[in-house]
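Asker: Hey, dropping final20.cif in here, mmCIF, C-alpha atoms:
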```
data_my_file
#
loop_
_atom_site.label_atom_id
_atom_site.label_comp_id
_atom_site.auth_asym_id
_atom_site.auth_seq_id
_atom_site.Cartn_x
_atom_site.Cartn_y
_atom_site.Cartn_z
CA MET A 1 -2.01 4.19 38.81
CA LEU A 2 1.29 2.40 38.45
CA GLU A 3 3.50 3.07 41.48
CA LEU A 4 6.96 2.48 40.09
CA HIS A 5 8.77 2.44 43.43
CA LYS A 6 6.94 -0.78 44.32
CA LEU A 7 8.55 -2.51 41.33
CA ILE A 8 12.21 -1.61 41.95
CA ASP A 9 13.18 -5.01 43.38
CA SER A 10 11.25 -6.90 40.70
CA VAL A 11 12.85 -4.88 37.90
CA ASP A 12 16.33 -5.54 39.33
CA ALA A 13 15.58 -9.26 39.51
CA MET A 14 14.28 -9.25 35.95
CA SER A 15 17.40 -7.44 34.72
CA GLN A 16 19.65 -10.02 36.36
CA GLU A 17 17.65 -12.82 34.77
CA MET A 18 17.95 -11.11 31.37
CA ALA A 19 21.73 -10.98 31.78
CA ARG A 20 21.83 -14.71 32.56
CA ARG A 21 19.63 -15.49 29.58
CA GLN A 22 21.76 -13.38 27.25
CA ALA A 23 24.91 -15.31 28.20
CA ARG A 24 23.11 -18.64 27.71
CA TYR A 25 21.64 -17.54 24.39
CA GLU A 26 25.09 -16.47 23.15
CA ASN A 27 26.47 -19.95 23.78
CA LEU A 28 23.48 -21.61 22.14
CA ALA A 29 23.67 -19.30 19.13
CA LYS A 30 27.37 -20.06 18.63
CA SER A 31 26.64 -23.77 18.72
CA ALA A 32 23.78 -23.34 16.23
CA ARG A 33 25.98 -21.28 13.88
CA ASP A 34 28.63 -24.01 13.96
CA ARG A 35 25.96 -26.53 12.95
CA LEU A 36 24.65 -24.28 10.20
CA GLU A 37 28.11 -24.13 8.65
CA THR A 38 28.74 -27.88 8.74
CA ILE A 39 25.42 -29.58 7.91
CA PRO A 40 25.30 -30.56 4.23
CA VAL A 41 22.13 -30.28 2.18
CA ASP A 42 21.89 -33.88 1.00
CA GLU A 43 19.43 -36.76 0.80
CA THR A 44 19.98 -37.57 4.47
CA LEU A 45 18.90 -34.08 5.55
CA LEU A 46 15.91 -34.10 3.20
CA GLU A 47 14.76 -37.45 4.59
CA LYS A 48 14.95 -36.07 8.12
CA ILE A 49 12.88 -33.05 7.13
CA LYS A 50 10.34 -35.32 5.46
CA LYS A 51 10.08 -37.33 8.67
CA ALA A 52 9.66 -34.17 10.78
CA LYS A 53 6.86 -32.97 8.48
CA GLU A 54 4.82 -36.06 9.34
CA ASP A 55 3.87 -34.01 12.40
CA SER A 56 1.56 -31.43 10.80
CA THR A 57 2.29 -28.96 13.61
CA TRP A 58 6.04 -28.80 12.93
CA ARG A 59 6.88 -25.32 11.69
CA GLY A 60 10.42 -25.50 10.44
CA ALA A 61 12.44 -24.71 7.33
CA GLU A 62 13.19 -26.69 4.19
CA PRO A 63 16.25 -25.53 2.21
CA LEU A 64 15.83 -24.51 -1.41
CA GLU A 65 19.55 -23.98 -2.03
CA ASP A 66 22.60 -26.23 -1.89
CA SER A 67 23.99 -24.84 1.37
CA LEU A 68 22.38 -23.85 4.68
CA ASP A 69 25.17 -21.34 5.20
CA LYS A 70 24.84 -19.61 1.84
CA ARG A 71 25.04 -15.81 1.94
CA ASN A 72 24.43 -13.38 -0.87
CA ARG A 73 25.03 -9.68 -1.42
CA PRO A 74 23.86 -8.55 -4.88
CA GLU A 75 26.39 -6.55 -6.88
CA ILE A 76 23.78 -4.67 -8.89
CA THR A 77 22.37 -1.16 -8.97
CA LEU A 78 18.70 -0.31 -9.44
CA CYS A 79 17.75 3.07 -10.89
CA GLU A 80 14.00 2.89 -11.56
CA TYR A 81 11.39 0.70 -9.88
CA SER A 82 8.10 1.01 -8.01
CA LEU A 83 7.33 0.17 -4.40
CA VAL A 84 3.74 -0.28 -3.32
CA GLY A 85 3.15 -0.27 0.44
CA VAL A 86 -0.10 -1.01 2.27
CA ASP A 87 -0.92 -1.16 5.96
CA GLY A 88 -4.10 -1.10 8.00
CA SER A 89 -5.42 -0.32 11.47
CA GLN A 90 -8.72 -0.98 13.14
CA ILE A 91 -11.25 -0.02 15.78
CA TYR A 92 -12.63 -3.14 17.43
CA PRO A 93 -16.31 -3.60 18.38
CA ASP A 94 -16.97 -2.12 21.80
CA THR A 95 -20.11 -3.04 23.70
CA HIS A 96 -19.56 -0.01 25.95
CA GLY A 97 -19.46 2.48 23.07
CA PRO A 98 -22.30 4.58 21.62
CA ALA A 99 -22.78 2.18 18.69
CA LEU A 100 -21.76 -1.35 17.77
CA TYR A 101 -19.41 -1.43 14.77
CA TYR A 102 -15.88 -2.06 13.69
CA LEU A 103 -13.75 0.06 11.41
CA ILE A 104 -10.76 -0.75 9.20
CA ASN A 105 -8.62 2.08 7.90
CA THR A 106 -6.15 1.29 5.11
CA GLY A 107 -3.20 3.47 4.19
CA SER A 108 -1.36 3.03 0.90
CA ILE A 109 1.57 4.55 -0.95
CA ILE A 110 3.13 4.12 -4.38
CA LEU A 111 6.75 5.25 -4.60
CA ARG A 112 8.28 5.41 -8.09
CA GLU A 113 12.01 5.43 -7.44
CA GLY A 114 14.05 7.32 -9.98
CA SER A 115 11.05 9.06 -11.52
CA GLY A 116 11.31 12.33 -9.60
CA GLU A 117 7.57 12.10 -8.91
CA ALA A 118 6.05 12.67 -5.49
CA PRO A 119 4.70 9.49 -3.85
CA LEU A 120 1.02 8.74 -4.35
CA ILE A 121 -0.76 8.31 -1.03
CA ASN A 122 -4.29 7.38 -0.06
CA THR A 123 -6.44 6.31 2.87
CA GLU A 124 -9.58 4.22 2.70
CA PRO A 125 -11.77 3.79 5.79
CA ARG A 126 -14.31 0.97 5.86
CA LEU A 127 -17.13 1.03 8.43
CA VAL A 128 -18.89 -2.27 9.22
CA PHE A 129 -22.09 -2.17 11.26
CA GLU A 130 -24.55 -4.71 9.78
CA GLU A 131 -25.74 -7.30 12.31
CA SER A 132 -24.92 -10.15 9.95
CA THR A 133 -21.24 -9.17 10.02
CA LEU A 134 -20.97 -8.41 13.73
CA TYR A 135 -22.00 -11.82 15.08
CA ASP A 136 -20.74 -15.33 14.38
CA GLN A 137 -22.85 -18.42 13.69
CA ARG A 138 -23.37 -18.93 17.42
CA HIS A 139 -24.62 -15.35 17.75
CA ASN A 140 -21.54 -14.27 19.69
CA LEU A 141 -20.03 -10.88 19.00
CA ILE A 142 -17.00 -11.21 16.73
CA ASP A 143 -13.65 -10.91 18.49
CA SER A 144 -10.42 -9.05 17.76
CA GLU A 145 -8.93 -12.02 15.90
CA TRP A 146 -11.81 -11.90 13.42
CA VAL A 147 -11.33 -8.18 12.83
CA ASN A 148 -7.59 -8.66 12.42
CA THR A 149 -8.23 -11.26 9.73
CA GLN A 150 -10.59 -8.90 7.92
CA ARG A 151 -7.92 -6.19 8.06
CA GLU A 152 -5.40 -8.62 6.53
CA MET A 153 -7.84 -9.42 3.74
CA VAL A 154 -8.48 -5.74 3.02
CA GLU A 155 -4.75 -5.03 2.97
CA MET A 156 -4.08 -7.81 0.47
CA GLN A 157 -7.00 -6.75 -1.71
CA LYS A 158 -5.64 -3.20 -1.84
CA LEU A 159 -2.11 -4.40 -2.46
CA ALA A 160 -3.21 -6.52 -5.43
CA GLU A 161 -5.32 -3.68 -6.82
CA LEU A 162 -2.54 -1.09 -6.63
CA ALA A 163 0.15 -3.44 -7.90
CA THR A 164 -1.97 -4.25 -10.95
CA LEU A 165 -2.65 -0.57 -11.60
CA GLU A 166 1.03 0.25 -11.25
CA ARG A 167 1.97 -2.37 -13.83
CA GLU A 168 -0.55 -0.80 -16.20
CA HIS A 169 0.88 2.64 -15.45
CA GLN A 170 4.29 1.37 -16.51
CA GLY A 171 2.86 0.36 -19.87
CA GLY A 172 2.79 -3.33 -19.04
CA ASP A 173 6.61 -3.53 -19.12
CA ARG A 174 7.28 -6.86 -17.36
CA ASP A 175 10.97 -6.10 -16.89
CA TYR A 176 10.18 -3.06 -14.74
CA LEU A 177 10.28 -4.07 -11.05
CA VAL A 178 7.04 -3.62 -9.08
CA LEU A 179 7.32 -4.63 -5.44
CA ALA A 180 4.11 -4.93 -3.38
CA MET A 181 4.93 -4.86 0.33
CA LYS A 182 2.94 -5.56 3.47
CA ASP A 183 4.00 -5.41 7.10
CA GLY A 184 4.22 -8.92 8.58
CA GLN A 185 4.15 -12.42 7.19
CA LEU A 186 2.85 -13.11 3.71
CA MET A 187 0.64 -16.02 4.73
CA LEU A 188 -2.79 -15.51 6.27
CA TRP A 189 -2.60 -16.59 9.90
CA GLN A 190 -5.47 -18.73 11.18
CA SER A 191 -5.74 -20.27 14.63
CA GLN A 192 -7.98 -23.08 13.38
CA GLN A 193 -9.34 -24.46 10.13
CA THR A 194 -13.03 -23.71 9.54
CA THR A 195 -15.25 -23.52 6.48
CA GLU A 196 -15.18 -19.73 6.65
CA GLY A 197 -11.42 -19.78 7.15
CA THR A 198 -10.96 -21.95 4.06
CA LYS A 199 -12.99 -19.47 2.01
CA GLN A 200 -10.89 -16.59 3.31
CA LEU A 201 -7.67 -18.41 2.50
CA ASP A 202 -8.92 -19.11 -1.02
CA THR A 203 -9.66 -15.40 -1.49
CA PHE A 204 -6.28 -14.48 -0.01
CA VAL A 205 -4.47 -16.75 -2.47
CA GLY A 206 -6.56 -15.20 -5.24
CA TYR A 207 -4.93 -11.85 -4.44
CA LEU A 208 -1.51 -13.52 -4.72
CA ASP A 209 -2.58 -14.91 -8.10
CA GLU A 210 -3.67 -11.43 -9.20
CA MET A 211 -0.26 -10.00 -8.39
CA ARG A 212 1.48 -12.83 -10.17
CA ARG A 213 -0.54 -12.16 -13.31
CA ALA A 214 0.63 -8.54 -13.07
CA SER A 215 4.26 -9.67 -12.57
CA ALA A 216 4.26 -7.74 -9.28
CA ILE A 217 6.18 -9.32 -6.42
CA PRO A 218 4.23 -9.64 -3.15
CA VAL A 219 6.53 -9.39 -0.12
CA GLY A 220 5.88 -9.80 3.57
CA PHE A 221 8.38 -7.75 5.58
CA VAL A 222 8.85 -9.08 9.12
CA GLY A 223 10.88 -6.68 11.24
CA ARG A 224 12.49 -8.08 14.40
CA PRO A 225 11.32 -11.63 13.58
CA ARG A 226 10.85 -14.15 16.38
CA SER A 227 10.49 -17.13 14.07
CA PRO A 228 12.75 -20.13 14.85
CA TYR A 229 12.25 -22.02 11.56
CA VAL A 230 15.94 -22.52 10.70
CA VAL A 231 16.87 -23.21 14.31
CA ARG A 232 14.27 -25.99 14.39
CA LEU A 233 15.76 -27.39 11.19
CA LEU A 234 19.21 -27.53 12.79
CA TRP A 235 17.94 -29.65 15.68
CA VAL A 236 16.17 -32.08 13.36
CA ALA A 237 19.42 -32.35 11.37
CA GLU A 238 21.29 -33.39 14.52
CA LEU A 239 18.94 -36.29 15.25
CA ASP A 240 19.09 -39.74 13.73
CA LEU A 241 16.16 -40.56 11.50
CA GLU A 242 14.61 -42.96 14.02
CA GLN A 243 14.87 -40.31 16.76
CA ILE A 244 12.65 -37.84 14.94
CA THR A 245 9.43 -37.97 16.91
CA LYS A 246 7.25 -35.12 18.09
CA GLU A 247 8.44 -35.60 21.67
CA ARG A 248 12.13 -35.68 20.75
CA VAL A 249 11.85 -32.71 18.39
CA ASP A 250 10.17 -30.71 21.15
CA GLU A 251 13.21 -31.33 23.40
CA SER A 252 15.43 -29.13 21.25
CA PRO A 253 18.20 -27.41 23.24
CA TYR A 254 17.80 -24.49 20.83
CA ARG A 255 14.15 -23.84 21.62
CA ALA A 256 14.94 -20.50 23.31
CA LEU A 257 16.69 -19.22 20.18
CA THR A 258 15.25 -17.33 17.24
CA ASP A 259 16.61 -17.23 13.72
CA ARG A 260 17.38 -13.55 14.24
CA MET A 261 19.86 -14.51 17.00
CA LEU A 262 21.36 -17.09 14.67
CA PHE A 263 21.95 -14.77 11.72
CA SER A 264 22.88 -11.55 13.54
CA ALA A 265 26.54 -12.61 13.67
CA LEU A 266 26.56 -14.08 10.15
CA LEU A 267 25.00 -11.55 7.80
CA GLU A 268 26.75 -8.36 6.77
CA PRO A 269 24.77 -5.28 5.63
CA ASN A 270 22.69 -5.95 2.50
CA GLN A 271 23.46 -9.65 2.76
CA ARG A 272 20.81 -12.35 2.75
CA SER A 273 20.73 -15.89 3.99
CA ALA A 274 19.95 -19.00 1.99
CA ILE A 275 16.32 -19.29 0.88
CA PHE A 276 14.03 -21.71 2.73
CA LEU A 277 10.50 -23.00 2.41
CA ASN A 278 8.07 -22.56 5.29
CA THR A 279 6.92 -26.07 6.29
CA THR A 280 3.55 -25.14 7.78
CA ALA A 281 0.65 -27.38 6.76
CA VAL A 282 -1.11 -24.52 4.96
CA ASN A 283 1.99 -23.85 2.89
CA ARG A 284 2.66 -27.41 1.84
CA ASP A 285 -0.98 -28.37 1.28
CA ILE A 286 -3.16 -25.47 0.16
CA LEU A 287 -0.58 -23.01 -1.17
CA GLN A 288 1.43 -25.69 -2.94
CA SER A 289 -1.69 -26.85 -4.78
CA ARG A 290 -2.13 -23.27 -6.05
CA ASP A 291 1.57 -22.86 -6.98
CA GLN A 292 1.87 -20.11 -4.37
CA ARG A 293 4.12 -21.70 -1.76
CA VAL A 294 5.76 -19.11 0.48
CA CYS A 295 9.50 -19.14 1.01
CA PHE A 296 11.68 -16.78 3.00
CA PHE A 297 15.15 -15.54 3.67
CA TYR A 298 16.73 -13.42 6.37
CA MET A 299 18.53 -10.22 5.53
CA ASN A 300 20.53 -7.54 7.32
CA VAL A 301 19.22 -4.07 6.51
CA ALA A 302 21.78 -2.28 8.72
CA ARG A 303 24.27 0.22 7.31
CA LEU A 304 27.06 -0.59 9.78
CA SER A 305 28.91 -3.89 10.05
CA GLY A 306 29.08 -5.99 13.18
CA LYS A 307 26.75 -8.09 15.28
CA GLU A 308 25.72 -5.24 17.58
CA ALA A 309 24.62 -3.07 14.66
CA ALA A 310 22.86 -5.87 12.75
CA GLN A 311 19.20 -5.41 11.89
CA ILE A 312 17.93 -8.84 10.86
CA VAL A 313 14.56 -9.01 9.11
CA ARG A 314 12.67 -11.82 7.44
CA ILE A 315 11.46 -11.47 3.87
CA ASP A 316 8.51 -13.67 2.83
CA LEU A 317 7.90 -14.14 -0.89
CA PRO A 318 6.27 -16.65 -3.23
CA GLU A 319 8.45 -19.49 -4.47
CA TRP A 320 7.82 -18.56 -8.12
CA VAL A 321 9.84 -15.38 -7.60
CA ILE A 322 13.12 -17.17 -6.94
CA GLU A 323 12.63 -19.33 -10.03
CA GLN A 324 13.24 -16.24 -12.18
CA PRO A 325 16.92 -15.30 -12.65
CA ASP A 326 18.13 -12.31 -10.60
CA LEU A 327 14.63 -11.36 -9.41
CA ALA A 328 15.44 -12.11 -5.76
CA ASP A 329 18.60 -9.98 -6.06
CA ARG A 330 16.64 -7.06 -7.47
CA LEU A 331 13.98 -7.13 -4.77
CA GLN A 332 16.69 -7.42 -2.10
CA VAL A 333 18.42 -4.28 -3.35
CA ALA A 334 15.10 -2.42 -3.61
CA ILE A 335 14.19 -3.30 -0.01
CA TYR A 336 17.65 -2.39 1.27
CA ASN A 337 17.48 0.98 -0.47
CA ASP A 338 14.05 1.69 1.00
CA CYS A 339 15.31 0.93 4.52
CA ALA A 340 18.11 3.51 4.29
CA ALA A 341 16.57 6.16 6.54
CA THR A 342 14.90 4.16 9.33
CA LEU A 343 16.12 0.55 8.94
CA PHE A 344 12.51 -0.22 8.05
CA PRO A 345 10.89 0.25 4.63
CA TYR A 346 9.85 3.86 4.11
CA VAL A 347 6.73 2.78 2.21
CA LEU A 348 5.54 0.72 5.19
CA VAL A 349 6.35 3.47 7.69
CA ARG A 350 4.35 5.92 5.60
CA ALA A 351 1.47 3.48 5.05
CA ASP A 352 1.26 2.94 8.81
CA GLU A 353 1.20 6.70 9.45
CA LEU A 354 -1.66 7.01 7.00
CA ALA A 355 -3.61 4.07 8.41
CA VAL A 356 -3.34 4.53 12.16
CA VAL A 357 -6.45 5.79 13.94
CA ALA A 358 -5.47 7.93 16.93
CA GLN A 359 -7.56 7.94 20.11
CA GLN A 360 -8.69 11.50 19.48
CA GLU A 361 -9.79 10.54 15.98
CA LYS A 362 -11.82 7.69 17.43
CA ARG A 363 -13.48 10.10 19.87
CA ASP A 364 -14.24 12.54 17.06
CA PHE A 365 -15.71 9.73 14.95
CA GLU A 366 -17.96 8.52 17.75
CA GLN A 367 -19.16 12.06 18.36
CA MET A 368 -20.04 12.21 14.65
CA VAL A 369 -21.91 8.89 15.04
CA SER A 370 -23.82 10.20 18.04
CA ALA A 371 -24.79 13.40 16.24
CA ALA A 372 -26.02 11.48 13.17
CA VAL A 373 -28.07 9.04 15.27
CA LEU A 374 -29.63 11.93 17.19
CA ARG A 375 -30.52 13.72 13.97
CA ILE A 376 -32.15 10.66 12.39
CA THR A 377 -33.75 8.94 15.39
CA GLY A 378 -34.27 11.81 17.77
CA THR A 379 -32.44 9.84 20.47
CA LEU A 380 -28.90 10.45 21.62
CA PRO A 381 -26.96 7.16 21.91
CA GLU A 382 -25.04 6.83 25.14
CA SER A 383 -21.87 5.02 26.08
CA SER A 384 -22.07 2.70 29.08
CA ALA A 385 -21.52 4.12 32.54
CA LYS A 386 -18.21 2.25 32.66
CA ALA A 387 -16.99 3.84 29.41
CA ALA A 388 -18.20 7.29 30.43
CA GLN A 389 -16.43 7.07 33.80
CA LYS A 390 -13.18 5.90 32.17
CA GLU A 391 -13.34 8.76 29.68
CA LEU A 392 -13.95 11.23 32.47
CA SER A 393 -11.15 9.99 34.74
CA ARG A 394 -8.63 9.76 31.89
CA GLY A 395 -9.60 13.23 30.77
CA TYR A 396 -8.70 14.56 34.20
CA GLN A 397 -5.34 12.77 34.08
CA SER A 398 -4.36 14.02 30.61
#
```
Let me see the file written as structure tokens.
Answerer:
Amino acid sequence: MLELHKLIDSVDAMSQEMARRQARYENLAKSARDRLETIPVDETLLEKIKKAKEDSTWRGAEPLEDSLDKRNRPEITLCEYSLVGVDGSQIYPDTHGPALYYLINTGSIILREGSGEAPLINTEPRLVFEESTLYDQRHNLIDSEWVNTQREMVEMQKLAELATLEREHQGGDRDYLVLAMKDGQLMLWQSQQTTEGTKQLDTFVGYLDEMRRASAIPVGFVGRPRSPYVVRLLWVAELDLEQITKERVDESPYRALTDRMLFSALLEPNQRSAIFLNTTAVNRDILQSRDQRVCFFYMNVARLSGKEAAQIVRIDLPEWVIEQPDLADRLQVAIYNDCAATLFPYVLVRADELAVVAQQEKRDFEQMVSAAVLRITGTLPESSAKAAQKELSRGYQS
């Protein structure tokens, strides 16, 4: 039980600290914006970035355009295009449950704007229970990070499949825009490089290749981003070349800032920032070798002007997309249109609704598991005493 009255003083102290931080962040953000507007994209800057990238852990930004302060609002109208959205949820392995398994549920939607057709929706649950997939090489039960990675892989597989099918549905017309969207970054996140992780990354890039062959644009939509890639670039730009060491870079006065704070006062509705490359080692080594480097821009999906109303998001996309004239403008308009109702893409909101597994649904599923095991084995599987007691006490509280 959380006794709120015991936290009154702590909450007041936290609120005061948040007010102090906000004032400090405002000053830092103004300073960073001033730097963004004055730093030229020239050989000097590129040499500094090259020096910073000698530290393989530096996750910054590399400009792909001639100005760090470039802003763009497309003056085009889109009438017909397709948005494919995929999202997933999961049930993690639970040693206290009636059976050992994990489950990934994928929700998907195809929205054909301008067609007058109802969206096509689908869910696809995947139950995993084989021993060989539940334990790692050291015979330890797989953890939540492993399951999350599998969910990412399933999402990308589904996205590539549906995007390819949608291109076929449109008669193979390569000029017709097909946007394949996922919630979160476009790159596969891995905490460490392993043989298995390398195989997964290779498969992941294969899905990107599949979408490229279908001329479908894969997009990672990051709402409320906390990435500081451009902010880190600004600090490196301020240093002299000989000052760029890991220790000095880590001393950045901007380290409390995010790019969202930087761009919230710069971007107007339906305006995007300059386009940057992600400098992570995976991007510049593995993805570059496959011609699938990921770049990004920030964009304001708000309908009202002003810093307070700004809704800054990050859009991840493959570099090959921006090499095609006007394609980035078209996808920007399509995303902005789809965010009209909720300031978040409708196709991703709907895909999440389809994918999420509610607690009651999990209970119903485990009851189905128990009934099936009883029917086949003659023995009723039991949850642990701990799980049973939690279920009982929470049932009384609800």
Asker: Once the PyMOL selection byres ((chain A and resi 205-219) around 6) is applied to the coordinates I shared, what remains selected? I want it as a PyMOL selection string.
Answerer: chain A and resi 160+164+178-181+202-204+220+316-317
Asker: Record the distance separating CA of Tyr25 (chain A) and CA of Ala256 (chain A), expressed in Å with one decimal.
Answerer: 7.4 Å
Asker: Do a neighbour search on region 134-136 of chain A at 12 Å with only C-alpha atoms, toss out local chain neighbours closer than 2 positions, and write the hits as a PyMOL selection string.
Answerer: chain A and resi 92-95+99-103+127-132+138-144+146-147+150+196
Asker: Which of these residues is nearest to Ile315 (chain A), using all atoms listed in the file: A:Gln170, A:Thr106, A:Thr379, A:Gln185?
Answerer: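 Between A:Gln170, A:Thr106, A:Thr379, A:Gln185, the residue approaching Ile315 (chain A) most closely is A:Gln185.
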Asker: Let me make sure I understand: among A:Leu7, A:Leu354, A:Gln292, A:Thr57, which one has the smallest atom-to-atom distance to Leu201 (chain A) if we use only C-alpha atoms?
Answerer: A:Gln292
Asker: Regenerate region 92-117 of chain A at the level of N, CA and C atoms and dump it as a PDB file, keeping the file's coordinate frame.
Answerer:
```pdb
ATOM      1  N   TYR A  92     -11.911  -1.907  17.138  1.00  0.00           N
ATOM      2  CA  TYR A  92     -12.630  -3.140  17.430  1.00  0.00           C
ATOM      3  C   TYR A  92     -14.048  -2.842  17.937  1.00  0.00           C
ATOM      4  N   PRO A  93     -14.973  -3.787  17.801  1.00  0.00           N
ATOM      5  CA  PRO A  93     -16.310  -3.600  18.380  1.00  0.00           C
ATOM      6  C   PRO A  93     -16.217  -3.386  19.891  1.00  0.00           C
ATOM      7  N   ASP A  94     -17.004  -2.471  20.382  1.00  0.00           N
ATOM      8  CA  ASP A  94     -16.970  -2.120  21.800  1.00  0.00           C
ATOM      9  C   ASP A  94     -18.398  -2.058  22.330  1.00  0.00           C
ATOM     10  N   THR A  95     -18.740  -3.003  23.174  1.00  0.00           N
ATOM     11  CA  THR A  95     -20.110  -3.040  23.700  1.00  0.00           C
ATOM     12  C   THR A  95     -20.399  -1.888  24.652  1.00  0.00           C
ATOM     13  N   HIS A  96     -19.353  -1.160  25.054  1.00  0.00           N
ATOM     14  CA  HIS A  96     -19.560  -0.010  25.950  1.00  0.00           C
ATOM     15  C   HIS A  96     -19.631   1.306  25.181  1.00  0.00           C
ATOM     16  N   GLY A  97     -19.454   1.262  23.864  1.00  0.00           N
ATOM     17  CA  GLY A  97     -19.460   2.480  23.070  1.00  0.00           C
ATOM     18  C   GLY A  97     -20.863   2.925  22.695  1.00  0.00           C
ATOM     19  N   PRO A  98     -20.980   4.039  21.991  1.00  0.00           N
ATOM     20  CA  PRO A  98     -22.300   4.580  21.620  1.00  0.00           C
ATOM     21  C   PRO A  98     -22.974   3.792  20.505  1.00  0.00           C
ATOM     22  N   ALA A  99     -22.205   2.983  19.771  1.00  0.00           N
ATOM     23  CA  ALA A  99     -22.780   2.180  18.690  1.00  0.00           C
ATOM     24  C   ALA A  99     -21.899   0.942  18.517  1.00  0.00           C
ATOM     25  N   LEU A 100     -22.494  -0.112  17.973  1.00  0.00           N
ATOM     26  CA  LEU A 100     -21.760  -1.350  17.770  1.00  0.00           C
ATOM     27  C   LEU A 100     -21.300  -1.398  16.305  1.00  0.00           C
ATOM     28  N   TYR A 101     -19.995  -1.446  16.097  1.00  0.00           N
ATOM     29  CA  TYR A 101     -19.410  -1.430  14.770  1.00  0.00           C
ATOM     30  C   TYR A 101     -17.957  -1.847  14.879  1.00  0.00           C
ATOM     31  N   TYR A 102     -17.335  -2.084  13.727  1.00  0.00           N
ATOM     32  CA  TYR A 102     -15.880  -2.060  13.690  1.00  0.00           C
ATOM     33  C   TYR A 102     -15.454  -1.298  12.448  1.00  0.00           C
ATOM     34  N   LEU A 103     -14.240  -0.785  12.488  1.00  0.00           N
ATOM     35  CA  LEU A 103     -13.750   0.060  11.410  1.00  0.00           C
ATOM     36  C   LEU A 103     -12.338  -0.378  11.019  1.00  0.00           C
ATOM     37  N   ILE A 104     -12.089  -0.457   9.727  1.00  0.00           N
ATOM     38  CA  ILE A 104     -10.760  -0.750   9.200  1.00  0.00           C
ATOM     39  C   ILE A 104     -10.318   0.423   8.348  1.00  0.00           C
ATOM     40  N   ASN A 105      -9.164   0.962   8.666  1.00  0.00           N
ATOM     41  CA  ASN A 105      -8.620   2.080   7.900  1.00  0.00           C
ATOM     42  C   ASN A 105      -7.342   1.618   7.206  1.00  0.00           C
ATOM     43  N   THR A 106      -7.284   1.766   5.898  1.00  0.00           N
ATOM     44  CA  THR A 106      -6.150   1.290   5.110  1.00  0.00           C
ATOM     45  C   THR A 106      -5.372   2.476   4.540  1.00  0.00           C
ATOM     46  N   GLY A 107      -4.081   2.461   4.768  1.00  0.00           N
ATOM     47  CA  GLY A 107      -3.200   3.470   4.190  1.00  0.00           C
ATOM     48  C   GLY A 107      -2.350   2.853   3.100  1.00  0.00           C
ATOM     49  N   SER A 108      -2.141   3.568   2.012  1.00  0.00           N
ATOM     50  CA  SER A 108      -1.360   3.030   0.900  1.00  0.00           C
ATOM     51  C   SER A 108      -0.464   4.098   0.296  1.00  0.00           C
ATOM     52  N   ILE A 109       0.624   3.641  -0.303  1.00  0.00           N
ATOM     53  CA  ILE A 109       1.570   4.550  -0.950  1.00  0.00           C
ATOM     54  C   ILE A 109       2.181   3.853  -2.152  1.00  0.00           C
ATOM     55  N   ILE A 110       2.388   4.596  -3.218  1.00  0.00           N
ATOM     56  CA  ILE A 110       3.130   4.120  -4.380  1.00  0.00           C
ATOM     57  C   ILE A 110       4.321   5.060  -4.559  1.00  0.00           C
ATOM     58  N   LEU A 111       5.513   4.485  -4.468  1.00  0.00           N
ATOM     59  CA  LEU A 111       6.750   5.250  -4.600  1.00  0.00           C
ATOM     60  C   LEU A 111       7.462   4.801  -5.871  1.00  0.00           C
ATOM     61  N   ARG A 112       7.613   5.715  -6.818  1.00  0.00           N
ATOM     62  CA  ARG A 112       8.280   5.410  -8.090  1.00  0.00           C
ATOM     63  C   ARG A 112       9.714   5.920  -8.036  1.00  0.00           C
ATOM     64  N   GLU A 113      10.603   5.054  -7.597  1.00  0.00           N
ATOM     65  CA  GLU A 113      12.010   5.430  -7.440  1.00  0.00           C
ATOM     66  C   GLU A 113      12.621   5.794  -8.788  1.00  0.00           C
ATOM     67  N   GLY A 114      13.353   6.890  -8.780  1.00  0.00           N
ATOM     68  CA  GLY A 114      14.050   7.320  -9.980  1.00  0.00           C
ATOM     69  C   GLY A 114      13.208   8.149 -10.920  1.00  0.00           C
ATOM     70  N   SER A 115      11.925   8.312 -10.620  1.00  0.00           N
ATOM     71  CA  SER A 115      11.050   9.060 -11.520  1.00  0.00           C
ATOM     72  C   SER A 115      11.038  10.553 -11.224  1.00  0.00           C
ATOM     73  N   GLY A 116      11.409  10.937 -10.001  1.00  0.00           N
ATOM     74  CA  GLY A 116      11.310  12.330  -9.600  1.00  0.00           C
ATOM     75  C   GLY A 116       9.914  12.739  -9.196  1.00  0.00           C
ATOM     76  N   GLU A 117       8.960  11.804  -9.256  1.00  0.00           N
ATOM     77  CA  GLU A 117       7.570  12.100  -8.910  1.00  0.00           C
ATOM     78  C   GLU A 117       7.360  12.004  -7.401  1.00  0.00           C
TER      79      GLU A 117
END
```
